[in-house]
Structures are given as structure tokens and as C-alpha cells.
Amino acid sequence: DAIPPARSMLATTLLATVALALHVPQPGSLRVHPRVAAGPVPRMCAAAGFVTPDTPPLIESECSFDHVPLSIALQTGDFLEADQITRDSLIKLAGEQAVGRGYVYFTEVAKLPEKDLATIERLWLAYSGGKFGYSVQAKELKTKKINGNLEKLFVRIGWMNDQGKLLRWLPEKKSNDFIYELDKAPNGHLPLTNTLRGQQLYSNLLRHKCWDREEFK
């Protein structure tokens with residue numbers, strides 16, 4: 001028997017709804033961040049805590065290093081995770097001795113592969129809207145007001161409290177004094193660098209030749 005027009009229309013509507021609900025984009029078919037609705041892609045979604053760059057940042061490596069975990073953490077606005085991945089990455093990039101001791105020695109900074117540092121920096125800049133990154137910190141260090149003084153830099157980028165003491169860092173976010181929200185943190189607040197063993201590591205890191213590249217000026 002023929003299906004009445006009303007029932008036929010209802011069936012068509014239901015099938016269309018089910019098809020839409022089951023539709024899953026194929027890998028690589030969309031470059032839009034999964035948390036961004038269809039439509040014009042916003043440059044910055046501060047409320048959501050992440051940035052979608054106009055074009056994906058260039059990822060390159062001198063030693064086939066895997067930068068995907070950092071990219072994913074930054075794309076999803078997980079700056080706490082991205083900060084830890086960055087520290088771990090620098091240790092691995094510094095070589096076996098750094099991995100063995102669990103930290104980078106200040107004399108090893110100059111040997112960090114430039115292409116990999118550049119990739120790490122591009123990712124931080126791209127997914128923070130230019131707010132976070134080593135080059136951001138390096139620029140602040142060169143300003144007339146800071147004039148190469150690290151303690152003044154710590155104040156500028158929010159690493160010191162009102163009593164002039166460095167903020168407390170712990171792996172758990174709830175016990176951590178640093179700020180991991182894009183819309184709340186000062187410029188250059190992330191990524192962090194351990195200064196408990198002295199300031200030479202951080203000083204050398206901010207003076208790495210990588211930050212002299214035109215793309216980071």
C-alpha cells in the first residue's frame with residue numbers, strides 16, 4: 001500500500017535526523033578546533049581558553065622529535081599540561097645526560113636544536129594568540145624598564161607575589177600559584193622555567209639564538 005503523504009514526510013524527517021546525528025567527519029576533513037561550532041572560525045575564544053590560528057603553525061625537527069603531544073595540549077587550551085610537556089621536551093632534546101639527571105644544565109642550552117625550539121615556540125605563540133612563549137619573555141627582558149634584570153622580569157610576567165617571592169609551583173593545579181588561564185595570565189607568564197638551581201639556565205634560554213629569528217622579533 002502507498003504511504004500517506006504525512007507519514008512519508010515524517011519518515012523522511014526522521015531519517016534525515018538520524019543521518020545527521022550519525023555523521024562523523026573523516027580524519028583530516030576539518031581543521032576547525034572540535035570545540036568551535038561550525039561557521040566563521042574565531043581568531044580568539046578567551047572564554048573557552050584557547051586560540052584557533054588562521055593557519056596551522058609549522059612543525060619541524062632536527063631529530064625527528066614528536067611535537068604532537070604539545071600541539072594537542074595547546075590546541076585544547078590545557079596550558080598546565082602543555083607547560084609540563086615543554087619542560088619534558090627540553091630535557092629530552094638536551095640529550096641523554098639531561099634525561100638521566102632529570103633537568104637541563106645551563107651549559108646545555110646552547111646545544112638545544114634550533115628547529116625544535118622554533119617549533120615549540122610557534123605552537124605556544126599560535127595557540128595563545130601571541131601571549132605565551134619564550135620569545136615573549138625574551139622581548140620583555142630587553143625592554144628599557146627591565147633592562148636584562150631577571151627579577152624585574154619575574155614581576156612583569158607574574159612569577160613573583162606582592163612580597164617579592166617567587167610563586168609556588170606544584171604538579172597539582174590546585175596547589176599551584178601560577179596561572180594557566182589564557183584570559184587571566186599576564187603576557188609571557190608561560191611557559192615556566194625552574195630557577196631553583198639558579199638563574200643561569202633561564203638566562204641562557206632567553207638568550208638562545210633561536211629568538212633572533214625574524215619570525216620571533
# chains A, B, ... in the order shown; residues from 1 in each chain; ligands from 1

call {"tool": "residues_around", "arguments": {"residues": "region 70-78 of chain A", "least_positions_apart": "3", "cutoff": "8 Å", "atoms": "only C-alpha atoms", "output": "PyMOL selection string"}}
result
chain A and resi 33+48-52+67+81-82+85-86+120+123-124+127-128+180+182

call {"tool": "write_last_selection", "arguments": {"atoms": "N, CA and C atoms", "output": "PDB file, in the first residue's frame"}}
result
ATOM      1  N   HIS A  33      38.872  23.688  15.210  1.00  0.00           N
ATOM      2  CA  HIS A  33      39.006  23.094  16.540  1.00  0.00           C
ATOM      3  C   HIS A  33      37.699  22.419  16.922  1.00  0.00           C
ATOM      4  N   ALA A  48      36.651  30.378  26.241  1.00  0.00           N
ATOM      5  CA  ALA A  48      36.898  28.939  26.179  1.00  0.00           C
ATOM      6  C   ALA A  48      38.353  28.608  26.525  1.00  0.00           C
ATOM      7  N   GLY A  49      39.212  29.626  26.504  1.00  0.00           N
ATOM      8  CA  GLY A  49      40.590  29.420  26.921  1.00  0.00           C
ATOM      9  C   GLY A  49      41.519  28.879  25.852  1.00  0.00           C
ATOM     10  N   PHE A  50      41.185  29.076  24.588  1.00  0.00           N
ATOM     11  CA  PHE A  50      42.082  28.620  23.545  1.00  0.00           C
ATOM     12  C   PHE A  50      41.983  29.567  22.357  1.00  0.00           C
ATOM     13  N   VAL A  51      42.962  29.442  21.462  1.00  0.00           N
ATOM     14  CA  VAL A  51      43.026  30.265  20.262  1.00  0.00           C
ATOM     15  C   VAL A  51      43.093  29.353  19.052  1.00  0.00           C
ATOM     16  N   THR A  52      42.393  29.714  18.003  1.00  0.00           N
ATOM     17  CA  THR A  52      42.479  28.984  16.747  1.00  0.00           C
ATOM     18  C   THR A  52      43.200  29.867  15.737  1.00  0.00           C
ATOM     19  N   HIS A  67      56.403  16.429  18.362  1.00  0.00           N
ATOM     20  CA  HIS A  67      55.827  17.627  18.959  1.00  0.00           C
ATOM     21  C   HIS A  67      54.297  17.591  18.991  1.00  0.00           C
ATOM     22  N   GLU A  81      49.191  21.205  31.183  1.00  0.00           N
ATOM     23  CA  GLU A  81      49.778  20.033  30.540  1.00  0.00           C
ATOM     24  C   GLU A  81      50.840  20.454  29.522  1.00  0.00           C
ATOM     25  N   ALA A  82      50.548  21.499  28.766  1.00  0.00           N
ATOM     26  CA  ALA A  82      51.493  21.985  27.758  1.00  0.00           C
ATOM     27  C   ALA A  82      52.788  22.459  28.406  1.00  0.00           C
ATOM     28  N   ILE A  85      54.762  19.340  29.358  1.00  0.00           N
ATOM     29  CA  ILE A  85      55.292  18.709  28.144  1.00  0.00           C
ATOM     30  C   ILE A  85      56.486  19.489  27.620  1.00  0.00           C
ATOM     31  N   THR A  86      56.415  20.811  27.700  1.00  0.00           N
ATOM     32  CA  THR A  86      57.518  21.653  27.228  1.00  0.00           C
ATOM     33  C   THR A  86      58.781  21.399  28.049  1.00  0.00           C
ATOM     34  N   ILE A 120      58.471  24.541  19.103  1.00  0.00           N
ATOM     35  CA  ILE A 120      57.834  24.713  20.412  1.00  0.00           C
ATOM     36  C   ILE A 120      57.311  26.139  20.554  1.00  0.00           C
ATOM     37  N   LEU A 123      54.195  26.892  18.353  1.00  0.00           N
ATOM     38  CA  LEU A 123      52.982  26.296  18.922  1.00  0.00           C
ATOM     39  C   LEU A 123      52.452  27.146  20.069  1.00  0.00           C
ATOM     40  N   TRP A 124      53.335  27.573  20.963  1.00  0.00           N
ATOM     41  CA  TRP A 124      52.907  28.416  22.090  1.00  0.00           C
ATOM     42  C   TRP A 124      52.321  29.731  21.593  1.00  0.00           C
ATOM     43  N   TYR A 127      48.771  29.187  19.634  1.00  0.00           N
ATOM     44  CA  TYR A 127      47.588  28.795  20.393  1.00  0.00           C
ATOM     45  C   TYR A 127      47.375  29.628  21.671  1.00  0.00           C
ATOM     46  N   SER A 128      48.161  30.690  21.796  1.00  0.00           N
ATOM     47  CA  SER A 128      47.902  31.652  22.879  1.00  0.00           C
ATOM     48  C   SER A 128      47.647  33.042  22.317  1.00  0.00           C
ATOM     49  N   TYR A 180      47.101  29.390  34.672  1.00  0.00           N
ATOM     50  CA  TYR A 180      47.042  28.610  33.440  1.00  0.00           C
ATOM     51  C   TYR A 180      45.794  28.931  32.616  1.00  0.00           C
ATOM     52  N   LEU A 182      44.192  31.485  29.931  1.00  0.00           N
ATOM     53  CA  LEU A 182      44.674  32.432  28.924  1.00  0.00           C
ATOM     54  C   LEU A 182      44.203  33.853  29.187  1.00  0.00           C
TER      55      LEU A 182
END

call {"tool": "residues_around", "arguments": {"residues": "Ser203 (chain A)", "least_positions_apart": "3", "cutoff": "10 Å", "atoms": "only C-alpha atoms", "output": "list in words"}}
result
Phe106, Val109, Ala138, Leu141, Gly148, Asn149, Leu150, Thr193, Thr195, Gly198, Gln199, Gln200, Leu206, Arg207 and His208 of chain A

call {"tool": "closest_residue", "arguments": {"among": "A:Leu190, A:Leu205, A:Leu196, A:Val99", "to": "Gly130 (chain A)", "atoms": "only C-alpha atoms"}}
result
A:Leu190

call {"tool": "atom_distance", "arguments": {"atom1": "CA of Leu90 (chain A)", "atom2": "CA of Val104 (chain A)"}}
result
7.2 Å

call {"tool": "residues_around", "arguments": {"residues": "Leu167 (chain A)", "least_positions_apart": "4", "cutoff": "12 Å", "atoms": "only C-alpha atoms", "output": "JSON, numbers by chain"}}
result
{"A": [154, 155, 157, 158, 159, 160, 161, 162, 163, 175, 176, 177, 178, 179, 189, 192, 194, 195, 196]}

call {"tool": "write_last_selection", "arguments": {"atoms": "all heavy atoms", "output": "short mmCIF file (atom, residue, chain, number, x, y, z; two decimals), in the first residue's frame"}}
result
data_model
loop_
_atom_site.label_atom_id
_atom_site.label_comp_id
_atom_site.auth_asym_id
_atom_site.auth_seq_id
_atom_site.Cartn_x
_atom_site.Cartn_y
_atom_site.Cartn_z
N PHE A 154 60.53 38.80 36.36
CA PHE A 154 59.64 37.92 37.11
C PHE A 154 58.40 38.69 37.58
O PHE A 154 57.29 38.14 37.59
CB PHE A 154 60.37 37.32 38.32
CG PHE A 154 61.52 36.41 37.96
CD1 PHE A 154 62.53 36.15 38.88
CD2 PHE A 154 61.60 35.82 36.70
CE1 PHE A 154 63.59 35.31 38.55
CE2 PHE A 154 62.65 34.98 36.37
CZ PHE A 154 63.66 34.74 37.30
N VAL A 155 58.60 39.93 37.97
CA VAL A 155 57.47 40.76 38.39
C VAL A 155 56.56 41.05 37.19
O VAL A 155 55.34 40.92 37.28
CB VAL A 155 57.96 42.09 39.01
CG1 VAL A 155 56.77 43.00 39.30
CG2 VAL A 155 58.74 41.82 40.30
N ILE A 157 56.10 39.40 34.36
CA ILE A 157 55.35 38.27 33.81
C ILE A 157 54.56 37.50 34.88
O ILE A 157 54.01 36.44 34.60
CB ILE A 157 56.28 37.32 33.03
CG1 ILE A 157 57.34 36.70 33.95
CG2 ILE A 157 56.92 38.03 31.86
CD1 ILE A 157 58.28 35.72 33.23
N GLY A 158 54.54 38.04 36.10
CA GLY A 158 53.69 37.46 37.14
C GLY A 158 54.23 36.25 37.84
O GLY A 158 53.47 35.41 38.33
N TRP A 159 55.55 36.13 37.93
CA TRP A 159 56.14 34.99 38.63
C TRP A 159 56.44 35.30 40.09
O TRP A 159 56.84 34.42 40.84
CB TRP A 159 57.44 34.55 37.95
CG TRP A 159 57.23 33.86 36.63
CD1 TRP A 159 56.08 33.75 35.92
CD2 TRP A 159 58.24 33.18 35.88
NE1 TRP A 159 56.29 33.06 34.76
CE2 TRP A 159 57.61 32.70 34.70
CE3 TRP A 159 59.60 32.95 36.06
CZ2 TRP A 159 58.30 31.98 33.72
CZ3 TRP A 159 60.29 32.24 35.08
CH2 TRP A 159 59.64 31.75 33.93
N MET A 160 56.28 36.55 40.50
CA MET A 160 56.53 36.95 41.88
C MET A 160 55.25 37.45 42.52
O MET A 160 54.40 38.05 41.86
CB MET A 160 57.61 38.04 41.95
CG MET A 160 59.03 37.53 41.95
SD MET A 160 60.21 38.87 42.30
CE MET A 160 61.72 37.92 42.52
N ASN A 161 55.13 37.22 43.84
CA ASN A 161 53.97 37.73 44.55
C ASN A 161 54.25 39.13 45.09
O ASN A 161 55.32 39.71 44.86
CB ASN A 161 53.57 36.77 45.69
CG ASN A 161 54.70 36.55 46.69
OD1 ASN A 161 55.59 37.39 46.86
ND2 ASN A 161 54.67 35.41 47.37
N ASP A 162 53.29 39.67 45.82
CA ASP A 162 53.43 41.03 46.34
C ASP A 162 54.54 41.17 47.37
O ASP A 162 55.00 42.27 47.66
CB ASP A 162 52.10 41.49 46.97
CG ASP A 162 50.98 41.58 45.93
OD1 ASP A 162 51.32 41.75 44.74
OD2 ASP A 162 49.81 41.49 46.31
N GLN A 163 54.97 40.04 47.95
CA GLN A 163 56.05 40.05 48.94
C GLN A 163 57.43 39.90 48.30
O GLN A 163 58.45 39.80 48.98
CB GLN A 163 55.85 38.94 49.98
CG GLN A 163 54.70 39.17 50.94
CD GLN A 163 53.34 38.97 50.30
OE1 GLN A 163 53.15 37.99 49.56
NE2 GLN A 163 52.42 39.88 50.54
N SER A 175 47.22 23.30 43.87
CA SER A 175 48.26 23.71 44.82
C SER A 175 49.32 24.59 44.16
O SER A 175 50.34 24.89 44.75
CB SER A 175 48.93 22.47 45.42
OG SER A 175 47.98 21.62 46.03
N ASN A 176 49.04 25.01 42.94
CA ASN A 176 49.99 25.74 42.13
C ASN A 176 49.61 27.22 42.09
O ASN A 176 48.46 27.57 41.85
CB ASN A 176 49.96 25.16 40.71
CG ASN A 176 51.16 25.53 39.89
OD1 ASN A 176 51.68 26.63 40.01
ND2 ASN A 176 51.58 24.61 39.03
N ASP A 177 50.58 28.11 42.35
CA ASP A 177 50.28 29.54 42.38
C ASP A 177 50.30 30.18 41.00
O ASP A 177 49.85 31.33 40.85
CB ASP A 177 51.30 30.27 43.25
CG ASP A 177 51.15 29.96 44.73
OD1 ASP A 177 50.05 29.52 45.13
OD2 ASP A 177 52.11 30.14 45.49
N PHE A 178 50.80 29.46 40.00
CA PHE A 178 50.88 30.05 38.66
C PHE A 178 49.52 29.99 37.97
O PHE A 178 48.61 29.28 38.41
CB PHE A 178 51.95 29.33 37.84
CG PHE A 178 53.35 29.61 38.33
CD1 PHE A 178 53.95 28.78 39.27
CD2 PHE A 178 54.05 30.72 37.87
CE1 PHE A 178 55.23 29.04 39.74
CE2 PHE A 178 55.33 30.98 38.34
CZ PHE A 178 55.92 30.15 39.27
N ILE A 179 49.38 30.76 36.91
CA ILE A 179 48.09 30.94 36.25
C ILE A 179 48.09 30.22 34.90
O ILE A 179 48.99 30.45 34.08
CB ILE A 179 47.78 32.44 36.05
CG1 ILE A 179 47.87 33.17 37.38
CG2 ILE A 179 46.41 32.63 35.42
CD1 ILE A 179 47.85 34.69 37.25
N HIS A 189 53.62 34.86 30.82
CA HIS A 189 53.55 34.08 32.07
C HIS A 189 53.99 32.63 31.86
O HIS A 189 54.55 32.01 32.75
CB HIS A 189 52.13 34.12 32.62
CG HIS A 189 52.00 33.59 34.01
ND1 HIS A 189 52.53 34.24 35.09
CD2 HIS A 189 51.39 32.48 34.50
CE1 HIS A 189 52.25 33.56 36.19
NE2 HIS A 189 51.57 32.48 35.86
N LEU A 192 56.87 28.01 31.94
CA LEU A 192 57.69 28.23 33.14
C LEU A 192 59.07 27.61 32.97
O LEU A 192 59.26 26.68 32.19
CB LEU A 192 57.01 27.61 34.36
CG LEU A 192 55.58 28.06 34.67
CD1 LEU A 192 55.03 27.29 35.86
CD2 LEU A 192 55.54 29.56 34.95
N ASN A 194 62.33 26.36 35.64
CA ASN A 194 62.76 26.17 37.02
C ASN A 194 64.00 27.03 37.31
O ASN A 194 65.01 26.94 36.63
CB ASN A 194 63.08 24.70 37.27
CG ASN A 194 63.27 24.38 38.74
OD1 ASN A 194 63.63 25.23 39.53
ND2 ASN A 194 63.03 23.13 39.10
N THR A 195 63.89 27.87 38.34
CA THR A 195 65.03 28.71 38.73
C THR A 195 65.55 28.34 40.12
O THR A 195 66.35 29.08 40.70
CB THR A 195 64.65 30.20 38.72
OG1 THR A 195 63.56 30.41 39.63
CG2 THR A 195 64.25 30.65 37.33
N LEU A 196 65.11 27.20 40.65
CA LEU A 196 65.55 26.79 41.99
C LEU A 196 67.04 26.49 42.03
O LEU A 196 67.68 26.63 43.08
CB LEU A 196 64.75 25.55 42.44
CG LEU A 196 63.25 25.78 42.70
CD1 LEU A 196 62.59 24.46 43.08
CD2 LEU A 196 63.04 26.80 43.80
#

call {"tool": "closest_residue", "arguments": {"among": "A:Lys209, A:Gly129, A:Thr119, A:Ala94", "to": "Val68 (chain A)", "atoms": "only C-alpha atoms"}}
result
A:Thr119

call {"tool": "closest_residue", "arguments": {"among": "A:Tyr103, A:Glu96, A:Asn187, A:Leu80", "to": "Glu172 (chain A)", "atoms": "only C-alpha atoms"}}
result
A:Leu80

call {"tool": "closest_residue", "arguments": {"among": "A:Arg87, A:Arg101, A:Lys115, A:Lys173", "to": "Ser64 (chain A)", "atoms": "only C-alpha atoms"}}
result
A:Lys115

call {"tool": "decode", "arguments": {"residues": "region 110-153 of chain A", "atoms": "N, CA and C atoms", "output": "CSV table (one decimal), in the first residue's frame"}}
result
chain,number,residue,atom,x,y,z
A,110,ALA,N,72.7,26.1,24.8
A,110,ALA,CA,73.1,26.5,23.5
A,110,ALA,C,73.0,25.4,22.5
A,111,LYS,N,73.1,24.1,23.0
A,111,LYS,CA,73.1,23.0,22.1
A,111,LYS,C,71.7,22.5,21.7
A,112,LEU,N,70.7,23.1,22.4
A,112,LEU,CA,69.3,22.6,22.0
A,112,LEU,C,69.0,22.9,20.6
A,113,PRO,N,68.5,21.9,19.8
A,113,PRO,CA,68.3,22.1,18.4
A,113,PRO,C,67.3,23.3,18.1
A,114,GLU,N,67.8,24.1,17.2
A,114,GLU,CA,67.1,25.4,16.9
A,114,GLU,C,65.7,25.1,16.3
A,115,LYS,N,65.7,24.2,15.4
A,115,LYS,CA,64.4,23.9,14.7
A,115,LYS,C,63.3,23.5,15.7
A,116,ASP,N,63.8,22.7,16.6
A,116,ASP,CA,62.8,22.1,17.6
A,116,ASP,C,62.4,23.2,18.6
A,117,LEU,N,63.3,24.1,19.0
A,117,LEU,CA,62.9,25.2,19.8
A,117,LEU,C,61.9,26.1,19.1
A,118,ALA,N,62.2,26.3,17.8
A,118,ALA,CA,61.3,27.2,17.0
A,118,ALA,C,59.9,26.6,16.9
A,119,THR,N,59.9,25.3,16.7
A,119,THR,CA,58.6,24.6,16.7
A,119,THR,C,57.8,24.8,18.0
A,120,ILE,N,58.5,24.5,19.1
A,120,ILE,CA,57.8,24.7,20.4
A,120,ILE,C,57.3,26.1,20.6
A,121,GLU,N,58.1,27.1,20.1
A,121,GLU,CA,57.7,28.5,20.2
A,121,GLU,C,56.5,28.8,19.3
A,122,ARG,N,56.6,28.3,18.1
A,122,ARG,CA,55.4,28.6,17.2
A,122,ARG,C,54.1,28.1,17.8
A,123,LEU,N,54.2,26.9,18.4
A,123,LEU,CA,53.0,26.3,18.9
A,123,LEU,C,52.5,27.1,20.1
A,124,TRP,N,53.3,27.6,21.0
A,124,TRP,CA,52.9,28.4,22.1
A,124,TRP,C,52.3,29.7,21.6
A,125,LEU,N,53.0,30.4,20.7
A,125,LEU,CA,52.5,31.6,20.1
A,125,LEU,C,51.2,31.5,19.4
A,126,ALA,N,51.1,30.5,18.6
A,126,ALA,CA,49.9,30.3,17.8
A,126,ALA,C,48.7,30.0,18.6
A,127,TYR,N,48.8,29.2,19.6
A,127,TYR,CA,47.6,28.8,20.4
A,127,TYR,C,47.4,29.6,21.7
A,128,SER,N,48.2,30.7,21.8
A,128,SER,CA,47.9,31.7,22.9
A,128,SER,C,47.6,33.0,22.3
A,129,GLY,N,47.6,33.1,21.0
A,129,GLY,CA,47.4,34.4,20.4
A,129,GLY,C,48.6,35.4,20.6
A,130,GLY,N,49.8,34.8,20.7
A,130,GLY,CA,51.0,35.6,20.9
A,130,GLY,C,51.2,36.0,22.3
A,131,LYS,N,50.5,35.5,23.3
A,131,LYS,CA,50.6,35.9,24.7
A,131,LYS,C,51.6,35.1,25.4
A,132,PHE,N,51.8,33.8,25.1
A,132,PHE,CA,52.8,33.0,25.8
A,132,PHE,C,53.9,32.6,24.9
A,133,GLY,N,55.1,32.4,25.5
A,133,GLY,CA,56.3,31.9,24.7
A,133,GLY,C,57.6,32.4,25.2
A,134,TYR,N,58.6,31.7,24.9
A,134,TYR,CA,60.0,32.2,25.4
A,134,TYR,C,60.4,33.5,24.7
A,135,SER,N,60.0,33.6,23.4
A,135,SER,CA,60.3,34.9,22.7
A,135,SER,C,59.6,36.1,23.3
A,136,VAL,N,58.4,35.8,23.9
A,136,VAL,CA,57.7,36.9,24.5
A,136,VAL,C,58.4,37.3,25.8
A,137,GLN,N,58.9,36.4,26.5
A,137,GLN,CA,59.7,36.7,27.7
A,137,GLN,C,61.0,37.3,27.4
A,138,ALA,N,61.7,36.9,26.3
A,138,ALA,CA,62.9,37.4,25.8
A,138,ALA,C,62.8,38.9,25.4
A,139,LYS,N,61.7,39.2,24.8
A,139,LYS,CA,61.4,40.6,24.4
A,139,LYS,C,61.2,41.5,25.6
A,140,GLU,N,60.5,41.0,26.6
A,140,GLU,CA,60.3,41.8,27.8
A,140,GLU,C,61.7,42.0,28.5
A,141,LEU,N,62.5,41.0,28.5
A,141,LEU,CA,63.8,41.1,29.2
A,141,LEU,C,64.7,42.3,28.5
A,142,LYS,N,64.4,42.5,27.2
A,142,LYS,CA,65.2,43.5,26.5
A,142,LYS,C,64.6,44.9,26.6
A,143,THR,N,63.4,45.1,27.2
A,143,THR,CA,62.8,46.4,27.3
A,143,THR,C,63.7,47.3,28.2
A,144,LYS,N,63.5,48.6,28.0
A,144,LYS,CA,64.3,49.6,28.8
A,144,LYS,C,63.9,49.5,30.3
A,145,LYS,N,62.7,49.2,30.6
A,145,LYS,CA,62.3,49.1,32.0
A,145,LYS,C,62.9,47.9,32.7
A,146,ILE,N,63.0,46.8,32.0
A,146,ILE,CA,63.5,45.5,32.6
A,146,ILE,C,65.0,45.5,32.4
A,147,ASN,N,65.5,45.9,31.3
A,147,ASN,CA,67.0,46.1,31.0
A,147,ASN,C,67.8,44.9,31.5
A,148,GLY,N,67.3,43.7,31.2
A,148,GLY,CA,68.1,42.5,31.4
A,148,GLY,C,68.1,42.0,32.9
A,149,ASN,N,67.2,42.6,33.7
A,149,ASN,CA,67.1,42.2,35.1
A,149,ASN,C,66.1,41.2,35.3
A,150,LEU,N,66.5,40.0,35.7
A,150,LEU,CA,65.5,38.8,35.7
A,150,LEU,C,64.5,39.0,36.8
A,151,GLU,N,64.9,39.6,37.9
A,151,GLU,CA,63.9,39.8,39.0
A,151,GLU,C,62.8,40.8,38.5
A,152,LYS,N,63.1,41.8,37.8
A,152,LYS,CA,62.1,42.7,37.3
A,152,LYS,C,61.3,42.0,36.2
A,153,LEU,N,61.9,41.1,35.5
A,153,LEU,CA,61.1,40.3,34.5
A,153,LEU,C,60.1,39.4,35.2
